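What follows is a short report on a single structure.
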There are 2 protein chains.
Amino acid sequence: MPGMMDTVLNLGLNDETVRGLAARSNNERFAWDAYRRFIQMYADVVLDIKSAAGEEADPFSLALARLKQKRRVKEDTMHTAADLQELVRTFKAIVRKRSKVPFPEDPTDQLWGAIGAVFGSWNNERAVAYRQMNSIPSGWGTAVNVCAMVFGNLGPDSGTGVAFTRDPATGERRFYGEYLMNAQGEDVVAGIRTPQPIETLERSSPKAWKDLLRVQKLLERHFRDMQDLEFTIQAGKLYMLQCRTGKRTGFAAARIAVDMVSEKLITRKEALLRVEPEALNQLLQPVFAPKDLAQARKGGRVLTRGLNAGPGAATGRIVFDAERAVRRGEEGERVVLVRVETSPEDIRGMHAARGILTVRGGMTSHAALVARQMGRVCVAGAGDIDIDHASRTMRVAGRKLKEGAWISLDGTTGEVIEGELDTRPSQVISALFGKGKKRARGGPSFEAFQRLMKWADQFRRLKIRTNADQPDQCRTAIAFGAEGIGLCRTEHMFFEGTKIDAVREMILSETTADRERALARLLPLQRRDFEGIFRAMGTRPVTVRTLDPPLHEFLPHTDKEIRALASDMGVSPRALRAKVESLRELNPMLGHRGCRLGITYPEITRMQARAIFEAACNVARRGGKKPRPEIMIPLVSTPRELALQAREIHAIADEVFAKKKLRIPYLVGTMIELPRSALVADEIAAHAQFFSFGTNDLTQTTFGISRDDAGSFIPLYVEQEILSANPFERLDRAGVGRLMRIACDEGRAARADIKLGICGEHGGEPDSIAYCHELGLDYVSCSPYRVPIARLAAAQAVLREG
Amino acid sequence: MPGMMDTVLNLGLNDETVRGLAARSNNERFAWDAYRRFIQMYADVVLDIKSAAGEEADPFSLALARLKQKRRVKEDTMHTAADLQELVRTFKAIVRKRSKVPFPEDPTDQLWGAIGAVFGSWNNERAVAYRQMNSIPSGWGTAVNVCAMVFGNLGPDSGTGVAFTRDPATGERRFYGEYLMNAQGEDVVAGIRTPQPIETLERSSPKAWKDLLRVQKLLERHFRDMQDLEFTIQAGKLYMLQCRTGKRTGFAAARIAVDMVSEKLITRKEALLRVEPEALNQLLQPVFAPKDLAQARKGGRVLTRGLNAGPGAATGRIVFDAERAVRRGEEGERVVLVRVETSPEDIRGMHAARGILTVRGGMTSHAALVARQMGRVCVAGAGDIDIDHASRTMRVAGRKLKEGAWISLDGTTGEVIEGELDTRPSQVISALFGKGKKRARGGPSFEAFQRLMKWADQFRRLKIRTNADQPDQCRTAIAFGAEGIGLCRTEHMFFEGTKIDAVREMILSETTADRERALARLLPLQRRDFEGIFRAMGTRPVTVRTLDPPLHEFLPHTDKEIRALASDMGVSPRALRAKVESLRELNPMLGHRGCRLGITYPEITRMQARAIFEAACNVARRGGKKPRPEIMIPLVSTPRELALQAREIHAIADEVFAKKKLRIPYLVGTMIELPRSALVADEIAAHAQFFSFGTNDLTQTTFGISRDDAGSFIPLYVEQEILSANPFERLDRAGVGRLMRIACDEGRAARADIKLGICGEHGGEPDSIAYCHELGLDYVSCSPYRVPIARLAAAQAVLREG
């Protein structure tokens, strides 16, 4: 527990015992050094002698520094035994001066002093604060562990080491570790000598090796998990110092859990609870070769660190605009798109790039959101970078990088690295998606992944859907186990190819007739998009959201673009610029968007409904399978908005089905993404066959925080514990969650069979998924690469119900 | 009730009775015209003969039009009796063709047909919808009124007229109206002959006059309110046609209510309920001379109509920027500030102007809000206007107006009028604020106002505070009856004089030390502001909100301004521009503002707290009266934000009081203006001595609608009945109101004596005030000119409790 004392004190040293130790170890320097370290630590934790006001450090460190200066040595280890003995005298003098009593020489006095300090630490400020924050009763109290000391540095038949009962990196079932003969624990950590691989202990100390092998097995079997061990060998005899559950990578976590089930050590339920859902992410992401990465770090090639917004590893040449990313991508070049921030116009460029690097924006910025949905590596909000578009260069860490220079992104750590680093797809990805030779046969990491997913599916009650707008995303998500689409953002399709021209004409139309003409051009394009998605999804439900973002997002902004569009449309650039300007909003997030567009321009909703139903009929006719569209109206705040939009959609459905002589089962529902829609959910449910919680926008409006602008204070808020986590990452239960609960309770009261889901980013975050399970939602929806995480988290939510 | 039939049908006409009518009236044309009108109306409302699909109008109107064409006459009234007789035949043929039966000639058949139609209209679509919307039971049913017809056009001893029992414009107690001899009701309305003032009836028809005087008194005494009467004199005998409560101006409403109490006709309670609170507005606003206004309208000088955002009348020369408004204002010129939209930078210019006209923005835009608070006339969102800053002109209604041209604004109707119109202050304002000769003695309108206000104060339970940032606003509000300040926006002070320079340096500081230096310059300026306010307010409570708006609002934007500031600050314009740019936000409303500023820069909160407490001590020391500051933290969404800010404030208070050797009673509380703060109100109440509902922002976030951008769809939403009213004007009870209720209930549960108020614009809107009363708030706060409205509305809320 933070604040509680977990220091190991080598008690029992005094002039007499130190001399004995020096003799036994045949190492006077070591003995006196141990003594001076003991005094220094005892003075700190037991006698509470700290640095005085105005002093740079505690008096012991200052004395040590003075001695170093006097002897002109660089390292503490370069002091002689005599120097160290003198230091012990100095330290004792300091203790006497500060605490008014001599340093206790009697081991029993030392022992009681130490025990008192440990018990006393239960009530120090940090421990009390920690207990309050975590609701730990202060009546529990703490314990003190007193045991005899053993020494790994008594001679060549002594030694010390650390080990894991399985490989913490891969999870392989092999005893793994390293040791040093004639050394103490801190020598292994300090790296003064290179430790030996644990297997060689068989030769150095055969008896200890045999015991260690037996003990590690015993401990793992006892604790039923991979153990992290510390041991010392004193004169050939093995002593275990410490044993705890070992930290491990995602790969190892999955493999160990699955292996232990095969070994009948744990149950499937336990295995599922052993793996942090987030850890699965590692199994899906491309990786840098660890050796290359270490070299880059050592070589000072890490330029800066941003937010690890889209995990994985990517390397490519810098490009500063989406258009160029697309062009170079088509030429087969690997590129990394570097932008101040991204907007929907950049989507094709983001798709063409291996990785995306932004200067501004948080974990749920546009770049981060889209990147995760596409499975692209993304480092966001790397604020140190300064892009100069004029010279097509960026400056960071005192370096200037031109467009075309190589750069590498580690989306798992947020590191931005200069130069090219080799990447490779993970085993799971190779196995699931590789083609021909590239398709891995599987391997242990893939096998573990598959088995965990199968077990998770046996337990979970939440369905898992995905947020996807393109057939390839659908196929990826299905391979990851998605059972439907929870959010298909139709507007993402608008930026492909020449569609944007028709979209722009639609937006800039002065009359309904003009708008309908532009929409007529869009209809076949949208229909084709939906056909692709319906074919990919088969009979799985597909939730399509009608047009949502502020229209301004689709418009040209530069003079050049405006002139080009004006000439296409046969209007004056001046008039077009005025129209574009008139659509600009002060707070677009709270502006003319969502269903407000469909209410003011019902012809847009009608075109989209027509595209959906015609596509569904066409796919059903050709393939025989009936798609299951679920049409979702965004940004509803009043029941009548939904009623009006639903009426348009039902009318189009009837018309299309009559013409096609075919009926497709479909639903019409709404997003609950504004506080008001949650507060009047009962009235809205009268018109909604389903609710889908849009927790991104619901978090924005409940907190009054724009996720695009949150970067300037949210990190400080988390640091100062104003927020326990970024609410755009982990669902805020007290505020946003309470609104969700109101909407669930009152929505169900008004319509017992209402379908409930979530399609905000929280749908892929384990703690939020647990809350969705608690609310009894029918499904969560998340980006394709988070589907496995959601499957596991949903299973864990069931298993933790107790 | 909308949709219910309220048509008056002259039943009983057929060829025979029409000939008799022609003989009796000696007017054949009149008789046949009455007959053809009757058939047309009967066919519509009883026989349900409407225009067929594809036809431009109903068949009767078409037949009439054809006849006009054939006879080459322009007006219906130019047809001869023979033509009209022919038209009757044509109309009957149409009826036979459409309804398959002849037109009923028997008066009894006509009567039963009409009665059936009236009863049937109870179930027409519009009536059903209206009942549903207003929760009127459909079992109530409706009534039919059948009575004999009298004729005012039977000869020179017949006549007809309309009258009011008191003057509907001024409320003066005099019988008021007009009449025409030898005429029917529609002739009076149609204005073919000029009606005579009612007094002259004494000569034209002495017996009828005597009866009418007796009847009007009787009716007023019976209904105990001013009556609107319609009468007909048939051959010298008076018949009353209709009698209903008369519509009246605000002036008349107040005067009549007060007079009737003096006359012991109604009680004080009834009088208070008789006056629409909004109507009081008229008593406070400057007025155009009605004659001038009518002339301007007739002369086509009304250029356009915007939103009536700040009531009253203003006339002045056009200026397009705030700076020029200030300069010309100082030169004594009357100016009207015309802007696309206003920002805090324009405040001095708005103050200097007589009126404010904006192209964009709604009823609660910045311009509207500030204008009402200042008592300035404002027409907002006049979207037809096109400002060209380059040529300093505006175009509207095909006219081009240069800067300096005269323009007049009617903030009560929203009309924008070309040219100069004389304005004068209202009687109430002259009496309350006029000086020397200009100070009116009072007069009946002022007297009525004063008495109503006195009675309102005897009944109301809500306290009324005002939103004010300047001593002159405070004095105005006190004259109107304000009992404290509910919202003092400290940032408004920042734009005065040279303060803005220090504010900008504070914002652009790179280090805390720099920021504290700039704050040290601001401290004496803010302290002086607060001293002025505390002196004006005496011991009334003064709620001061700490810095709220996004910092970007204070910064220079044009190149020229940036260069000037950079040179003042001794930094490069490039660096300054980059800093300004870095503070820009995509959605400033949801950005780094409110207490988020105070959390990231606690030194700002400390400076403001110091200025408040030092000012309070200074005023108390000099004047002897202790001010009562209530410090309010904006945009809180978590309890810890408030706790941290409150800690800073309490620390400064202790420090200042110790130094000044004086303690000032003060409170620290928070605004509830985000959904989350309402949802965790119990936790927030632990740190808050008061809550003040900031319903402007709470409405924005609950609906997800920016009030600045709402103009593009809110009007359509109201028209389509998606919203029953603009939620920025009338508090939305189902959504925003529910959050308020949660906060009240749970806030009181956590802290029984918590003080509750509202400082959003809704605090001055009668329906919203009624809801605040229902919630049991302690006070409402509104702009100074709305204080009287709030006093009356608060009294009505009590009286309507039942």
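The way I read the labels, and the way they are meant: chains A, B, ... in the order of the structure tokens, residue 1 as the first residue of every chain, and ligand 1 as the first ligand shown, with later ones counted on from there.
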
>> Give me, as a ChimeraX atom specification, all polymer residues having an atom no more than 12 Å from Val428 in chain A, counting only C-alpha atoms and skipping those fewer than 6 positions away in the same chain.
In response: /A:251,254,280-287,434,438-450,479-480,785,788

> Quick one: DSSP strand (DSSP E or B) residues in range 503-654 of chain A, as a list of chain:residue names?
Replying inline: A:Pro541, A:Val542, A:Thr543, A:Val544, A:Arg545, A:Arg628, A:Pro629, A:Glu630, A:Ile631, A:Met632, A:Ile633

Output file for the residues above (C-alpha atoms, as a compact mmCIF listing (two decimals), in the first residue's frame):
# COMPACT_ATOMS: atom_id res chain seq x y z
CA PRO A 541 -27.91 -6.41 -37.71
CA VAL A 542 -26.48 -3.22 -39.21
CA THR A 543 -27.18 0.04 -37.38
CA VAL A 544 -26.96 2.92 -39.83
CA ARG A 545 -26.88 6.43 -38.44
CA ARG A 628 -31.27 -6.41 -41.03
CA PRO A 629 -30.93 -2.64 -41.13
CA GLU A 630 -31.52 -0.67 -37.94
CA ILE A 631 -31.83 3.01 -38.76
CA MET A 632 -30.62 5.33 -36.05
CA ILE A 633 -31.49 9.01 -35.72

> What's the 8 Å shell around Asp709 in chain B, counting only C-alpha atoms, without same-chain residues fewer than 4 positions away, as a count of residues only?
Replying inline: 9

> Counting only C-alpha atoms, which residues of chain B come no farther than 7 Å from chain A, as a PyMOL selection string?
Replying inline: chain B and resi 585-592+637-638+640-641+674-676+679-680+701-706+708-710+712-713+722+734-735

> How many Å lie between CA of Tyr35 in chain A and CA of Gln85 in chain A, rounded to one decimal?
Replying inline: 8.7 Å

>> List as a PyMOL selection string the protein and nucleic acid residues near range 150-158 of chain B, meaning an atom at most 12 Å away when only C-alpha atoms are counted, but skip any in the same chain fewer than 2 places from it.
In response: chain B and resi 10-11+20-28+30-31+34+147-148+160-161+179-188+201+203-208+230-241

>> I want to know what sits within 8 Å of Leu213 in chain A, based on only C-alpha atoms, with residues of the same chain fewer than 4 positions away left out; could you give that as a PyMOL selection string?
In response: chain A and resi 175+209+217

Name all residues at most 9 Å from Val336 in chain B (count only C-alpha atoms; drop same-chain ones fewer than 3 positions away) and give them as a CSV table (one decimal) with all heavy atoms, in the first residue's frame.
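Output file out-v9.csv is given in full below:
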chain,number,residue,atom,x,y,z
B,314,ALA,N,-35.3,53.1,-30.5
B,314,ALA,CA,-34.1,53.9,-30.5
B,314,ALA,C,-33.9,54.4,-31.9
B,314,ALA,O,-34.3,53.8,-32.9
B,314,ALA,CB,-32.9,52.9,-30.2
B,315,THR,N,-33.2,55.6,-32.0
B,315,THR,CA,-32.9,56.1,-33.3
B,315,THR,C,-31.5,56.7,-33.2
B,315,THR,O,-31.1,57.2,-32.2
B,315,THR,CB,-34.0,57.2,-33.7
B,315,THR,OG1,-34.0,57.3,-35.1
B,315,THR,CG2,-33.8,58.5,-33.0
B,316,GLY,N,-30.8,56.6,-34.3
B,316,GLY,CA,-29.4,57.1,-34.3
B,316,GLY,C,-28.8,56.9,-35.7
B,316,GLY,O,-29.4,56.3,-36.6
B,317,ARG,N,-27.5,57.3,-35.7
B,317,ARG,CA,-26.7,57.1,-36.9
B,317,ARG,C,-26.0,55.8,-36.9
B,317,ARG,O,-25.5,55.3,-35.9
B,317,ARG,CB,-25.7,58.2,-37.1
B,317,ARG,CG,-26.3,59.6,-37.4
B,317,ARG,CD,-25.1,60.6,-37.4
B,317,ARG,NE,-25.7,62.0,-37.5
B,317,ARG,CZ,-26.0,62.5,-38.7
B,317,ARG,NH1,-25.8,61.8,-39.8
B,317,ARG,NH2,-26.5,63.8,-38.8
B,318,ILE,N,-26.0,55.1,-38.1
B,318,ILE,CA,-25.3,53.8,-38.2
B,318,ILE,C,-23.8,53.9,-37.9
B,318,ILE,O,-23.2,54.8,-38.5
B,318,ILE,CB,-25.6,53.2,-39.6
B,318,ILE,CG1,-27.1,53.0,-39.8
B,318,ILE,CG2,-24.8,52.0,-39.8
B,318,ILE,CD1,-27.4,52.6,-41.3
B,319,VAL,N,-23.3,53.0,-37.0
B,319,VAL,CA,-21.8,52.8,-37.0
B,319,VAL,C,-21.6,51.3,-37.0
B,319,VAL,O,-22.4,50.5,-36.5
B,319,VAL,CB,-21.2,53.4,-35.7
B,319,VAL,CG1,-21.1,54.9,-35.8
B,319,VAL,CG2,-21.8,52.9,-34.5
B,320,PHE,N,-20.5,50.9,-37.6
B,320,PHE,CA,-20.3,49.5,-37.8
B,320,PHE,C,-19.2,48.9,-36.8
B,320,PHE,O,-19.0,47.7,-36.8
B,320,PHE,CB,-19.8,49.2,-39.2
B,320,PHE,CG,-20.9,49.4,-40.2
B,320,PHE,CD1,-20.8,50.4,-41.2
B,320,PHE,CD2,-22.1,48.6,-40.2
B,320,PHE,CE1,-21.8,50.6,-42.1
B,320,PHE,CE2,-23.1,48.8,-41.1
B,320,PHE,CZ,-23.0,49.9,-42.1
B,325,ALA,N,-18.4,53.8,-32.2
B,325,ALA,CA,-19.7,54.0,-31.4
B,325,ALA,C,-19.3,54.8,-30.1
B,325,ALA,O,-19.9,55.8,-29.8
B,325,ALA,CB,-20.4,52.7,-31.0
B,350,MET,N,-21.5,49.1,-27.2
B,350,MET,CA,-23.0,48.8,-27.0
B,350,MET,C,-23.5,49.8,-26.0
B,350,MET,O,-24.6,50.3,-26.1
B,350,MET,CB,-23.2,47.4,-26.5
B,350,MET,CG,-22.8,46.3,-27.6
B,350,MET,SD,-22.7,44.6,-27.0
B,350,MET,CE,-24.4,44.2,-26.9
B,352,ALA,N,-22.4,52.8,-25.5
B,352,ALA,CA,-22.4,54.1,-26.0
B,352,ALA,C,-23.5,54.3,-27.0
B,352,ALA,O,-23.9,55.4,-27.3
B,352,ALA,CB,-21.1,54.4,-26.7
B,353,ALA,N,-24.1,53.2,-27.5
B,353,ALA,CA,-25.1,53.2,-28.6
B,353,ALA,C,-26.5,53.3,-28.0
B,353,ALA,O,-26.7,52.9,-26.9
B,353,ALA,CB,-25.0,52.0,-29.5
B,354,ARG,N,-27.4,53.9,-28.8
B,354,ARG,CA,-28.8,53.9,-28.4
B,354,ARG,C,-29.5,52.6,-28.6
B,354,ARG,O,-30.4,52.2,-27.9
B,354,ARG,CB,-29.6,55.0,-29.2
B,354,ARG,CG,-29.1,56.4,-29.0
B,354,ARG,CD,-29.3,56.8,-27.5
B,354,ARG,NE,-28.7,58.1,-27.2
B,354,ARG,CZ,-29.3,59.2,-26.9
B,354,ARG,NH1,-30.6,59.2,-26.9
B,354,ARG,NH2,-28.7,60.3,-26.6
B,355,GLY,N,-29.0,52.0,-29.7
B,355,GLY,CA,-29.6,50.7,-30.1
B,355,GLY,C,-28.6,49.8,-30.7
B,355,GLY,O,-27.5,50.3,-31.2
B,356,ILE,N,-28.8,48.5,-30.7
B,356,ILE,CA,-27.9,47.5,-31.3
B,356,ILE,C,-28.7,46.7,-32.3
B,356,ILE,O,-29.8,46.2,-32.0
B,356,ILE,CB,-27.3,46.6,-30.2
B,356,ILE,CG1,-26.4,47.5,-29.2
B,356,ILE,CG2,-26.5,45.5,-30.8
B,356,ILE,CD1,-26.7,47.3,-27.8
B,357,LEU,N,-28.1,46.5,-33.5
B,357,LEU,CA,-28.7,45.8,-34.5
B,357,LEU,C,-27.7,44.7,-35.0
B,357,LEU,O,-26.6,45.0,-35.3
B,357,LEU,CB,-29.1,46.7,-35.7
B,357,LEU,CG,-29.6,46.1,-37.0
B,357,LEU,CD1,-30.8,45.3,-36.8
B,357,LEU,CD2,-29.8,47.2,-38.0
B,406,TRP,N,-29.1,57.7,-40.9
B,406,TRP,CA,-30.1,57.6,-39.7
B,406,TRP,C,-30.8,56.3,-39.9
B,406,TRP,O,-31.3,55.9,-41.0
B,406,TRP,CB,-31.1,58.7,-39.7
B,406,TRP,CG,-30.4,60.0,-39.1
B,406,TRP,CD1,-29.9,61.0,-39.8
B,406,TRP,CD2,-30.3,60.3,-37.7
B,406,TRP,NE1,-29.4,61.9,-38.9
B,406,TRP,CE2,-29.6,61.5,-37.6
B,406,TRP,CE3,-30.7,59.6,-36.5
B,406,TRP,CZ2,-29.3,62.2,-36.4
B,406,TRP,CZ3,-30.4,60.3,-35.3
B,406,TRP,CH2,-29.7,61.5,-35.3
B,407,ILE,N,-31.0,55.6,-38.8
B,407,ILE,CA,-31.8,54.4,-38.7
B,407,ILE,C,-32.6,54.3,-37.4
B,407,ILE,O,-32.1,54.9,-36.4
B,407,ILE,CB,-30.9,53.2,-38.9
B,407,ILE,CG1,-31.7,51.9,-39.4
B,407,ILE,CG2,-30.1,52.9,-37.7
B,407,ILE,CD1,-30.8,50.8,-39.8
B,408,SER,N,-33.7,53.7,-37.4
B,408,SER,CA,-34.5,53.6,-36.1
B,408,SER,C,-34.8,52.1,-35.9
B,408,SER,O,-35.1,51.3,-36.8
B,408,SER,CB,-35.8,54.4,-36.2
B,408,SER,OG,-35.4,55.7,-36.5
B,409,LEU,N,-34.8,51.7,-34.6
B,409,LEU,CA,-35.1,50.3,-34.2
B,409,LEU,C,-36.3,50.3,-33.3
B,409,LEU,O,-36.3,51.0,-32.3
B,409,LEU,CB,-33.9,49.7,-33.5
B,409,LEU,CG,-32.5,49.7,-34.2
B,409,LEU,CD1,-31.5,49.0,-33.2
B,409,LEU,CD2,-32.6,49.0,-35.5

> When you draw a straight line from CA of Met493 in chain A to CA of Glu345 in chain A, how long is it in Å?
Replying inline: 10.8 Å

>> Could you list, as a PyMOL selection string, every residue within 12 Å of range 393-401 of chain A, counting only C-alpha atoms and ignoring same-chain residues fewer than 3 positions away?
In response: chain A and resi 300-305+317-321+338-340+357-359+382-390+404-407+416-419

>> Report, in Å to a single decimal, how far apart CA of Thr695 in chain A and CA of Gln608 in chain A are.
In response: 24.0 Å
